[in-house]
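Engineer: I'm passing along input-v8.cif; it holds mmCIF, C-alpha atoms.
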data_target
#
loop_
_atom_site.label_atom_id
_atom_site.label_comp_id
_atom_site.auth_asym_id
_atom_site.auth_seq_id
_atom_site.Cartn_x
_atom_site.Cartn_y
_atom_site.Cartn_z
CA MET A 109 93.64 145.42 91.20
CA LEU A 110 97.28 144.97 90.27
CA THR A 111 98.81 145.44 86.84
CA ALA A 112 101.95 143.64 85.72
CA VAL A 113 104.47 145.80 83.87
CA ILE A 114 107.09 143.74 82.05
CA THR A 115 110.25 145.52 81.00
CA HIS A 116 112.87 144.02 78.74
CA ARG A 117 116.19 144.83 80.27
CA GLY A 118 119.17 144.19 78.09
CA GLU A 119 119.88 140.88 76.38
CA ASN A 120 119.23 138.48 79.21
CA SER A 121 116.87 140.21 81.56
CA VAL A 122 113.13 140.78 81.91
CA GLN A 123 111.75 142.83 84.80
CA VAL A 124 108.16 142.35 85.99
CA LYS A 125 106.56 145.03 88.20
CA LEU A 126 103.11 144.81 89.78
CA VAL A 127 101.47 148.22 89.96
CA GLY A 128 98.70 149.13 92.42
CA GLN A 129 95.94 151.16 90.70
CA SER A 130 95.36 153.61 93.52
CA THR A 131 98.95 154.41 94.28
CA GLY A 132 100.71 153.88 90.99
CA LEU A 133 104.10 152.32 90.57
CA VAL A 134 105.78 151.76 93.89
CA THR A 135 108.16 148.96 92.98
CA PRO A 136 111.73 149.89 93.66
CA LYS A 137 113.88 149.54 90.60
CA ILE A 138 116.40 146.77 90.31
CA GLU A 139 119.03 147.89 87.94
CA ALA A 140 121.20 145.41 86.18
CA GLU A 141 124.76 146.41 86.18
CA GLU A 142 126.31 146.54 82.78
CA GLY A 143 128.30 143.37 82.25
CA GLN A 144 126.82 141.69 85.39
CA ASP A 145 126.15 137.92 85.08
CA MET A 146 122.38 137.69 84.71
CA GLY A 147 122.30 133.90 84.96
CA PRO A 148 122.31 131.21 82.35
CA ASN A 149 120.54 131.43 79.04
CA PRO A 150 117.16 129.73 79.65
CA ILE A 151 117.14 128.01 76.26
CA ALA A 152 120.70 127.07 75.37
CA PRO A 153 122.07 123.86 76.92
CA GLU A 154 125.22 124.35 78.95
CA GLY A 155 128.21 122.16 78.24
CA LYS A 156 128.86 121.16 81.84
CA GLU A 157 125.20 120.24 82.37
CA LEU A 158 125.26 118.16 79.20
CA LEU A 159 128.43 116.46 80.36
CA TRP A 160 127.29 115.68 83.91
CA GLY A 161 123.74 114.82 82.89
CA GLY A 162 124.84 112.62 79.99
CA LEU A 163 127.60 110.92 81.95
CA SER A 164 125.31 110.23 84.91
CA PHE A 165 122.62 108.75 82.69
CA VAL A 166 125.06 106.59 80.74
CA VAL A 167 126.67 105.24 83.92
CA MET A 168 123.26 104.54 85.45
CA ALA A 169 121.90 102.95 82.27
CA VAL A 170 124.96 100.71 81.89
CA ALA A 171 124.81 99.68 85.56
CA ILE A 172 121.11 98.89 85.28
CA ARG A 173 121.38 97.18 81.89
CA TYR A 174 124.33 94.90 82.64
CA PHE A 175 124.30 94.37 86.42
CA LEU A 176 121.29 95.50 88.38
CA PHE A 177 118.30 94.77 86.13
CA PRO A 178 119.39 91.20 85.20
CA LYS A 179 119.93 90.34 88.86
CA LEU A 180 116.64 91.89 89.97
CA LYS A 181 114.75 90.34 87.06
CA LYS A 182 116.27 86.92 87.67
CA GLY A 183 115.16 87.12 91.30
CA MET A 184 111.66 88.15 90.23
CA ASP A 185 111.47 85.36 87.63
CA ASP A 186 112.73 82.77 90.12
CA ARG A 187 110.18 83.84 92.69
CA TYR A 188 107.37 83.90 90.13
CA ALA A 189 108.44 80.43 88.94
CA GLY A 190 108.42 79.24 92.56
CA ILE A 191 105.01 80.78 93.13
CA ARG A 192 103.73 79.21 89.90
CA ALA A 193 105.15 75.81 90.94
CA ASP A 194 103.62 76.14 94.40
CA HIS A 195 100.34 77.15 92.83
CA GLU A 196 100.39 74.18 90.47
CA SER A 197 101.35 71.89 93.35
CA ALA A 198 98.51 73.30 95.43
CA GLU A 199 96.11 72.76 92.52
CA ALA A 200 97.34 69.16 92.12
CA THR A 201 96.95 68.59 95.86
CA THR A 202 93.47 70.08 95.74
CA ALA A 203 92.55 67.84 92.79
CA ALA A 204 93.95 64.78 94.60
CA ALA A 205 92.05 65.73 97.75
CA ARG A 206 88.88 66.16 95.70
CA GLY A 207 89.49 62.67 94.22
CA ASP A 208 90.00 61.26 97.69
CA VAL A 209 86.80 62.93 98.88
CA ALA A 210 84.91 61.50 95.88
CA GLU A 211 86.31 58.03 96.58
CA TYR A 212 85.47 58.37 100.25
CA GLU A 213 81.94 59.44 99.41
CA LYS A 214 81.64 56.55 96.96
CA ALA A 215 82.91 54.11 99.60
CA LEU A 216 80.61 55.70 102.14
CA VAL A 217 77.63 55.14 99.86
CA ALA A 218 78.65 51.49 99.33
CA VAL A 219 79.15 50.94 103.06
CA ARG A 220 75.82 52.56 103.81
CA ALA A 221 74.12 50.32 101.22
CA GLU A 222 75.86 47.26 102.64
CA ALA A 223 74.89 48.27 106.17
CA ALA A 224 71.30 48.82 105.10
CA ALA A 225 71.26 45.41 103.40
CA LYS A 226 72.69 43.79 106.53
CA VAL A 227 70.20 45.56 108.73
CA ASP A 228 67.38 44.43 106.42
CA ALA A 229 68.65 40.87 106.41
CA ALA A 230 68.99 40.90 110.20
CA ARG A 231 65.52 42.35 110.51
CA GLN A 232 64.12 39.64 108.23
CA THR A 233 65.98 36.95 110.14
CA LEU A 234 64.72 38.36 113.40
CA ASP A 235 61.18 38.57 112.07
CA SER A 236 61.24 35.01 110.81
CA GLU A 237 62.77 33.75 114.07
CA ARG A 238 60.23 35.65 116.09
CA GLN A 239 57.42 34.31 113.92
CA ALA A 240 58.77 30.78 114.30
CA ALA A 241 59.01 31.22 118.06
CA ILE A 242 55.48 32.60 118.17
CA ASN A 243 54.22 29.71 116.03
CA GLU A 244 55.96 27.18 118.21
CA LEU A 245 54.64 28.80 121.32
CA ASN A 246 51.14 28.91 119.86
CA SER A 247 51.33 25.24 118.93
CA ARG A 248 52.58 24.38 122.42
CA ILE A 249 49.80 26.45 123.93
CA ALA A 250 47.27 24.72 121.67
CA ALA A 251 48.65 21.27 122.61
CA ARG A 252 48.55 22.15 126.31
CA ARG A 253 45.07 23.48 125.91
CA SER A 254 43.86 20.33 124.10
CA GLU A 255 45.56 18.19 126.76
CA ALA A 256 43.87 20.20 129.50
CA ASP A 257 40.55 19.98 127.66
CA ALA A 258 40.94 16.22 127.34
CA ALA A 259 41.85 15.87 131.01
CA LEU A 260 38.92 18.07 131.95
CA SER A 261 36.54 16.03 129.79
CA ALA A 262 37.83 12.78 131.26
CA ALA A 263 37.50 14.11 134.79
CA ARG A 264 34.04 15.37 134.04
CA GLU A 265 33.04 12.03 132.53
CA ALA A 266 34.45 10.20 135.54
CA ASN A 267 32.56 12.45 137.91
CA ARG A 268 29.43 12.03 135.88
CA SER A 269 29.78 8.21 136.01
CA GLN A 270 30.37 8.30 139.76
CA ILE A 271 27.43 10.62 140.29
CA THR A 272 25.24 8.46 138.04
CA ALA A 273 26.28 5.33 139.88
CA ALA A 274 25.73 6.94 143.24
CA VAL A 275 22.35 8.35 142.25
CA SER A 276 21.38 4.97 140.69
CA ALA A 277 22.28 3.20 143.91
CA VAL A 278 20.33 5.72 145.93
CA VAL A 279 17.30 5.55 143.58
CA THR A 280 17.41 1.75 143.41
CA ARG A 281 17.60 1.46 147.21
CA ALA A 282 14.91 4.06 147.71
CA THR A 283 12.63 2.33 145.20
CA GLU A 284 13.33 -1.05 146.78
CA LEU A 285 12.50 0.25 150.17
CA SER A 286 9.34 1.96 148.95
CA VAL A 287 7.89 -0.69 146.61
CA GLY A 288 9.64 -3.76 147.93
CA ARG A 289 11.26 -4.58 144.76
CA ALA A 290 14.36 -3.40 143.05
CA PRO A 291 13.79 -1.47 139.81
CA ASP A 292 15.42 -2.33 136.54
CA ALA A 293 18.92 -0.94 136.66
CA ALA A 294 19.00 0.04 132.99
CA VAL A 295 15.78 2.04 133.32
CA VAL A 296 17.08 3.78 136.39
CA GLU A 297 20.34 4.64 134.72
CA ARG A 298 18.54 5.98 131.59
CA ALA A 299 16.20 8.08 133.71
CA ILE A 300 19.11 9.49 135.68
CA ALA A 301 21.02 10.19 132.48
CA ASP A 302 18.03 12.03 131.00
CA ALA A 303 17.57 13.98 134.19
CA MET A 304 21.25 15.02 134.27
CA ALA A 305 21.14 15.88 130.59
CA GLY A 306 18.07 18.02 131.20
CA GLY A 307 19.71 19.66 134.21
CA SER A 308 22.79 20.50 132.34
CA ARG A 309 20.74 22.17 129.55
CA MET B 139 101.09 150.21 98.86
CA PHE B 140 102.21 146.97 97.26
CA ALA B 141 105.45 146.13 95.54
CA LEU B 142 106.58 142.93 93.86
CA GLU B 143 109.92 142.52 92.23
CA PHE B 144 109.81 139.50 89.91
CA PRO B 145 113.30 138.29 89.06
CA PRO B 146 114.39 137.93 85.44
CA ILE B 147 113.67 134.47 84.01
CA ASN B 148 117.34 133.59 83.70
CA GLU B 149 117.84 134.77 87.27
CA ILE B 150 115.43 132.11 88.60
CA LEU B 151 117.45 129.53 86.69
CA ARG B 152 120.73 130.71 88.14
CA TRP B 153 122.24 128.05 90.29
CA ARG B 154 125.32 128.77 92.23
CA GLU B 155 128.38 127.04 90.92
CA VAL B 156 129.61 124.36 93.29
CA ALA B 157 132.82 123.99 91.32
CA PRO B 158 133.94 125.64 88.09
CA SER B 159 132.53 122.80 86.03
CA LEU B 160 129.73 121.60 88.32
CA ASN B 161 126.47 123.30 89.15
CA LYS B 162 123.25 122.10 90.75
CA VAL B 163 121.96 120.54 87.53
CA GLY B 164 125.08 118.40 87.46
CA ILE B 165 124.69 117.55 91.12
CA ILE B 166 121.04 116.57 90.66
CA ALA B 167 121.93 114.44 87.62
CA VAL B 168 124.71 112.67 89.52
CA ALA B 169 122.47 112.28 92.57
CA ALA B 170 119.65 110.87 90.40
CA ALA B 171 122.00 108.26 88.92
CA LEU B 172 123.46 107.41 92.34
CA ILE B 173 120.04 107.15 94.00
CA ALA B 174 118.79 104.84 91.26
CA ILE B 175 121.91 102.68 91.42
CA VAL B 176 121.83 102.47 95.22
CA VAL B 177 118.11 101.65 95.27
CA PHE B 178 118.61 98.84 92.75
CA ILE B 179 121.71 97.54 94.55
CA LEU B 180 119.79 97.45 97.86
CA ALA B 181 116.87 95.78 96.07
CA THR B 182 119.05 93.07 94.55
CA ARG B 183 120.66 92.34 97.94
CA GLN B 184 117.38 91.29 99.52
CA ASP B 185 116.33 87.66 99.47
CA HIS B 186 114.39 87.30 96.24
CA ARG B 187 112.62 84.15 97.39
CA LYS B 188 110.65 86.03 100.05
CA ALA B 189 107.78 88.39 99.31
CA PRO B 190 109.38 91.73 98.38
CA THR B 191 109.24 94.50 100.95
CA GLY B 192 110.64 98.01 101.22
CA VAL B 193 113.17 99.02 98.62
CA ARG B 194 112.92 95.74 96.68
CA ASN B 195 109.15 96.11 96.49
CA PHE B 196 109.65 99.65 95.18
CA ALA B 197 112.21 98.53 92.57
CA GLU B 198 110.10 95.58 91.42
CA THR B 199 106.99 97.75 91.19
CA THR B 200 108.92 100.21 89.02
CA VAL B 201 110.20 97.41 86.79
CA GLU B 202 106.70 95.95 86.43
CA PHE B 203 105.26 99.38 85.73
CA VAL B 204 107.74 99.90 82.89
CA GLU B 205 107.22 96.36 81.58
CA ASN B 206 103.43 96.25 81.78
CA GLY B 207 102.56 99.93 81.47
CA ILE B 208 105.03 100.94 78.77
CA VAL B 209 106.79 98.09 76.96
CA MET B 210 103.87 95.65 76.66
CA GLN B 211 101.47 98.44 75.72
CA THR B 212 103.63 99.82 72.91
CA MET B 213 106.06 97.14 71.73
CA GLY B 214 104.55 93.87 72.93
CA ARG B 215 106.52 90.89 74.20
CA ASP B 216 109.24 91.40 71.57
CA GLY B 217 110.12 94.72 73.15
CA LEU B 218 110.90 93.34 76.62
CA GLY B 219 114.61 93.47 75.78
CA TRP B 220 114.32 97.25 75.82
CA THR B 221 113.05 97.28 79.42
CA PRO B 222 116.43 98.12 81.06
CA PHE B 223 116.95 101.15 78.80
CA LEU B 224 113.37 102.40 79.22
CA LEU B 225 113.55 101.73 82.97
CA SER B 226 116.76 103.79 83.18
CA LEU B 227 115.17 106.56 81.16
CA PHE B 228 112.01 106.66 83.28
CA VAL B 229 113.83 106.54 86.62
CA PHE B 230 116.46 109.09 85.60
CA ILE B 231 113.94 111.61 84.24
CA TYR B 232 111.69 111.19 87.27
CA LEU B 233 114.58 111.68 89.69
CA CYS B 234 115.68 114.77 87.73
CA ASN B 235 112.09 116.13 87.75
CA ALA B 236 111.38 115.49 91.42
CA PRO B 237 113.82 118.10 92.88
CA GLY B 238 111.43 120.77 91.59
CA ILE B 239 109.40 120.26 94.75
CA ILE B 240 112.17 119.26 97.14
CA PRO B 241 113.08 122.07 99.54
CA ILE B 242 116.52 123.67 99.11
CA LEU B 243 117.01 122.11 95.66
CA GLN B 244 113.68 123.45 94.40
CA MET B 245 114.35 123.18 90.73
CA PRO B 246 114.01 120.24 88.37
CA ALA B 247 117.20 119.47 86.49
CA THR B 248 115.06 118.94 83.40
CA ALA B 249 113.94 122.59 83.52
CA ARG B 250 117.31 123.29 81.93
CA MET B 251 117.77 122.30 78.31
CA ALA B 252 120.87 120.14 78.68
CA ILE B 253 119.42 116.89 80.06
CA PRO B 254 116.28 116.84 77.86
CA ALA B 255 118.51 117.61 74.86
CA PHE B 256 120.98 114.84 75.69
CA LEU B 257 118.23 112.27 76.30
CA SER B 258 116.30 113.27 73.17
CA ILE B 259 119.39 113.00 70.98
CA LEU B 260 120.22 109.66 72.60
CA VAL B 261 116.69 108.40 71.92
CA TRP B 262 116.93 109.68 68.33
CA VAL B 263 120.18 107.81 67.79
CA ILE B 264 118.80 104.66 69.41
CA TYR B 265 115.51 104.43 67.54
CA ASN B 266 117.12 105.21 64.21
CA GLY B 267 119.96 102.79 64.99
CA ALA B 268 117.50 100.08 66.01
CA GLY B 269 115.49 100.65 62.82
CA ILE B 270 118.60 100.43 60.64
CA LYS B 271 119.80 97.33 62.52
CA HIS B 272 116.49 95.50 62.08
CA GLN B 273 115.57 96.60 58.56
CA GLY B 274 118.87 97.64 57.04
CA PHE B 275 119.73 101.20 56.07
CA GLY B 276 117.66 101.21 52.87
CA GLY B 277 114.79 99.23 54.32
CA TYR B 278 114.47 101.51 57.34
CA PHE B 279 114.51 104.77 55.42
CA LYS B 280 112.20 103.28 52.82
CA SER B 281 109.69 102.33 55.52
CA VAL B 282 110.05 105.77 57.13
CA LEU B 283 109.95 107.92 54.01
CA PHE B 284 107.69 105.77 51.81
CA PRO B 285 105.04 104.29 54.09
CA PRO B 286 103.27 101.35 52.44
CA GLY B 287 99.67 101.72 51.34
CA VAL B 288 100.05 105.33 50.27
CA PRO B 289 99.28 106.10 46.59
CA LYS B 290 102.52 106.83 44.74
CA ALA B 291 101.34 110.24 43.66
CA LEU B 292 101.12 111.29 47.31
CA TYR B 293 104.74 110.40 48.07
CA ALA B 294 105.77 113.85 46.86
CA LEU B 295 103.78 115.23 49.78
CA VAL B 296 104.09 112.41 52.33
CA THR B 297 107.85 111.76 52.06
CA PRO B 298 108.99 115.27 53.09
CA ILE B 299 106.40 115.30 55.88
CA GLU B 300 107.55 111.91 57.17
CA PHE B 301 111.19 112.96 56.93
CA ILE B 302 110.57 116.14 58.88
CA SER B 303 108.30 114.54 61.48
CA THR B 304 110.33 111.37 62.06
CA ILE B 305 113.89 112.51 61.61
CA ILE B 306 113.81 116.17 62.63
CA VAL B 307 110.76 117.02 64.73
CA ARG B 308 110.66 113.97 67.02
CA PRO B 309 113.80 114.74 69.05
CA PHE B 310 112.79 118.41 69.30
CA SER B 311 109.27 117.56 70.42
CA LEU B 312 110.62 115.15 73.03
CA MET B 313 113.14 117.69 74.26
CA VAL B 314 110.87 120.73 74.30
CA ARG B 315 107.91 118.90 75.85
CA LEU B 316 109.93 117.79 78.86
CA PHE B 317 111.92 121.02 79.20
CA ALA B 318 108.98 123.41 78.73
CA ASN B 319 106.63 121.55 81.07
CA MET B 320 109.17 121.40 83.88
CA LEU B 321 110.30 125.02 83.36
CA ALA B 322 106.69 126.24 83.27
CA GLY B 323 105.93 124.42 86.51
CA HIS B 324 109.04 125.90 88.10
CA ILE B 325 108.12 129.43 87.00
CA LEU B 326 104.57 128.99 88.31
CA LEU B 327 105.87 127.90 91.70
CA VAL B 328 108.29 130.84 91.80
CA THR B 329 105.53 133.26 90.78
CA PHE B 330 103.12 132.21 93.49
CA ALA B 331 105.86 131.99 96.11
CA LEU B 332 106.97 135.54 95.34
CA LEU B 333 103.40 136.78 95.26
CA SER B 334 102.65 135.19 98.64
CA GLU B 335 105.78 136.69 100.15
CA ALA B 336 105.04 140.14 98.69
CA LEU B 337 101.48 140.12 100.03
CA PHE B 338 102.51 138.88 103.47
CA GLN B 339 105.12 141.64 103.68
CA ALA B 340 103.00 144.42 102.12
CA ARG B 341 103.25 147.82 103.79
CA ASP B 342 99.46 148.13 103.67
CA LYS B 343 98.27 145.64 106.29
CA VAL B 344 94.91 145.23 104.50
CA LEU B 345 96.72 143.20 101.83
CA VAL B 346 98.39 140.80 104.27
CA PRO B 347 95.42 138.37 104.65
CA PHE B 348 95.22 138.03 100.87
CA GLY B 349 98.64 136.40 100.96
CA VAL B 350 96.94 133.07 101.79
CA LEU B 351 95.34 132.94 98.32
CA PRO B 352 98.57 132.61 96.31
CA MET B 353 99.94 130.47 99.14
CA PHE B 354 97.09 127.98 98.73
CA MET B 355 97.67 128.10 94.97
CA LEU B 356 101.35 127.44 95.65
CA ILE B 357 100.46 124.40 97.78
CA PHE B 358 98.07 123.13 95.10
CA LEU B 359 100.68 123.64 92.36
CA THR B 360 103.31 121.85 94.43
CA GLY B 361 101.00 118.84 94.58
CA PHE B 362 100.33 119.22 90.89
CA GLU B 363 104.07 119.24 90.17
CA VAL B 364 104.36 115.84 91.88
CA LEU B 365 101.98 114.55 89.22
CA VAL B 366 103.70 116.48 86.43
CA ALA B 367 107.11 115.09 87.40
CA PHE B 368 105.78 111.55 87.10
CA LEU B 369 103.70 112.27 84.02
CA GLN B 370 106.52 113.87 82.05
CA ALA B 371 108.85 110.96 82.83
CA TYR B 372 106.12 108.56 81.72
CA ILE B 373 105.35 110.48 78.53
CA PHE B 374 109.02 110.74 77.53
CA THR B 375 109.53 107.02 78.16
CA ILE B 376 106.37 105.81 76.45
CA LEU B 377 107.08 107.97 73.37
CA THR B 378 110.59 106.53 73.27
CA ALA B 379 109.07 103.05 73.37
CA VAL B 380 106.65 103.97 70.59
CA TYR B 381 109.47 105.34 68.42
CA ILE B 382 111.67 102.29 68.98
CA GLY B 383 108.73 99.93 68.41
CA GLY B 384 107.82 101.77 65.19
CA ALA B 385 111.41 101.63 63.98
CA VAL B 386 111.88 97.94 64.78
CA HIS B 387 108.44 96.77 63.65
CA PRO B 388 107.18 99.27 61.05
CA GLU B 389 104.21 97.00 60.22
CA HIS B 390 102.78 97.75 63.67
#
What do you get writing this file as structure tokens?
Structural biologist:
Amino acid sequence: MLTAVITHRGENSVQVKLVGQSTGLVTPKIEAEEGQDMGPNPIAPEGKELLWGGLSFVVMAVAIRYFLFPKLKKGMDDRYAGIRADHESAEATTAAARGDVAEYEKALVAVRAEAAAKVDAARQTLDSERQAAINELNSRIAARRSEADAALSAAREANRSQITAAVSAVVTRATELSVGRAPDAAVVERAIADAMAGGSR
Amino acid sequence: MFALEFPPINEILRWREVAPSLNKVGIIAVAAALIAIVVFILATRQDHRKAPTGVRNFAETTVEFVENGIVMQTMGRDGLGWTPFLLSLFVFIYLCNAPGIIPILQMPATARMAIPAFLSILVWVIYNGAGIKHQGFGGYFKSVLFPPGVPKALYALVTPIEFISTIIVRPFSLMVRLFANMLAGHILLVTFALLSEALFQARDKVLVPFGVLPMFMLIFLTGFEVLVAFLQAYIFTILTAVYIGGAVHPEH
């Protein structure tokens, strides 16, 4: 462990010695010569330091106050004003863009509604036209079918009359040959008609 | 076994004379002023419309620090006119403090009494002058010596206290705070540097490894002095702003 020994030496000097416990004081002495300059007084301000320090500060403060600070500050203010203006311009542009987007979306909604209405109208038109075409086609089919039915009925009736006449002629001739006398034509025709009606049943 | 010769306190403040009327304190003061002026000149030469870089960024950051961290906090918007003076004060004190940790120079100019004394007296003159200018001679001393809201019977006690604290003690407290803090830091650095050297050069080789302990302390204290240099400049400047603000607007 070391012990500090402080010795006051004259008016302006303090000597500090560290002493080792085991070996005692081993510090070589530094003697201050009588009248030797021991350095400046640690408390009292020196005139030349006051002069240089004060002069330097005053020169610097005047230079900063009247030349350097105003120029620097003006530059800062100009740039901040520019940044503020750019910021405001950007905000205005953003607001305008938002308005444009809102208008676009509004127009888009209107166009979509109009398109939907047109599509609906077209679909209705198409449906009605298709229905009309189907109806017309159905009526044409029905007319053709009734015409065909009528033609078929007429052909069938004509065939029936021919068959009846042929059978009547055959029956009349066969009866005439077998009994020697021709049968009544009306009776023959009614009998043939009944027979054909029964056959068709 | 171990010997340490600690120099007398005025010996560690002895700076060789460069010229009969100029020593290192003077050189540091002149250099501080020149550095500040050159930095601001270089800053003002850059194009202010572009984003600040380098020296202009440094100068603008310092200005904004003084404006926002000192003036606006103590004096409000009305005090912005004092920014150049407070900026000069802050920069000058910091540049006078910083050489305490710069090799070769290795002593803050403010560890001598002259510069703190000059600045404190200047601040004293300025805040009293500003108070007299804004309130008139009678009004200022009335607001200082007879603070409103105090019962009249207490003026016998309060007035001498206010006189002593405002007129006499303030410049001394400003001066001694800066001077003593910087001198104490300087002495601490010298102490640990000498102790490290003595241990590293001890005749008993067992002591040599212990030299790293004061050396680490020396490194730590050097870092600490960086903070102290800034802090003392800030404290001196903010107290100046408070004194000026109090003198100009006593109602605050």
Engineer: With distances taken over all atoms listed in the file, which residue among B:Thr191, B:Thr304, B:Thr221, B:Thr360 lies nearest chain A?
Structural biologist: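 Using all atoms listed in the file, the shortest distance to chain A belongs to B:Thr221.
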Engineer: Go through B:Ile382, B:Ile239, B:Val346, B:Ile259 one by one, measure the shortest atom-to-atom distance of each to Ile306 of chain B using all atoms listed in the file, and give the residue with the smallest value.
Structural biologist: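 Checking each candidate against Ile306 of chain B, we get B:Ile259 as the closest.
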Engineer: Atom CA of Ala268 of chain B to atom CA of Phe301 of chain B: how many Å, to one decimal?
Structural biologist: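 Going from atom CA of Ala268 of chain B over to atom CA of Phe301 of chain B covers 17.0 Å.
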Engineer: Which of these, B:Gly269, B:Pro286, B:Gly192, B:Gly238, has the shortest distance to Met320 of chain B once you count all atoms listed in the file?
Structural biologist: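 Answer, going by the shortest atom-to-atom distance: B:Gly238.
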Engineer: Find, counting all atoms listed in the file, the residue in B:Val176, B:Val380, B:Arg308, B:Val386 that gets nearest to Met210 of chain B.
Structural biologist: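 For Met210 of chain B, the nearest of the given residues is B:Val380.
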Engineer: So how many Å separate atom CA of Pro148 of chain A and atom CA of Val261 of chain B, to one decimal?
Structural biologist: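 These two atoms are separated by 25.7 Å.
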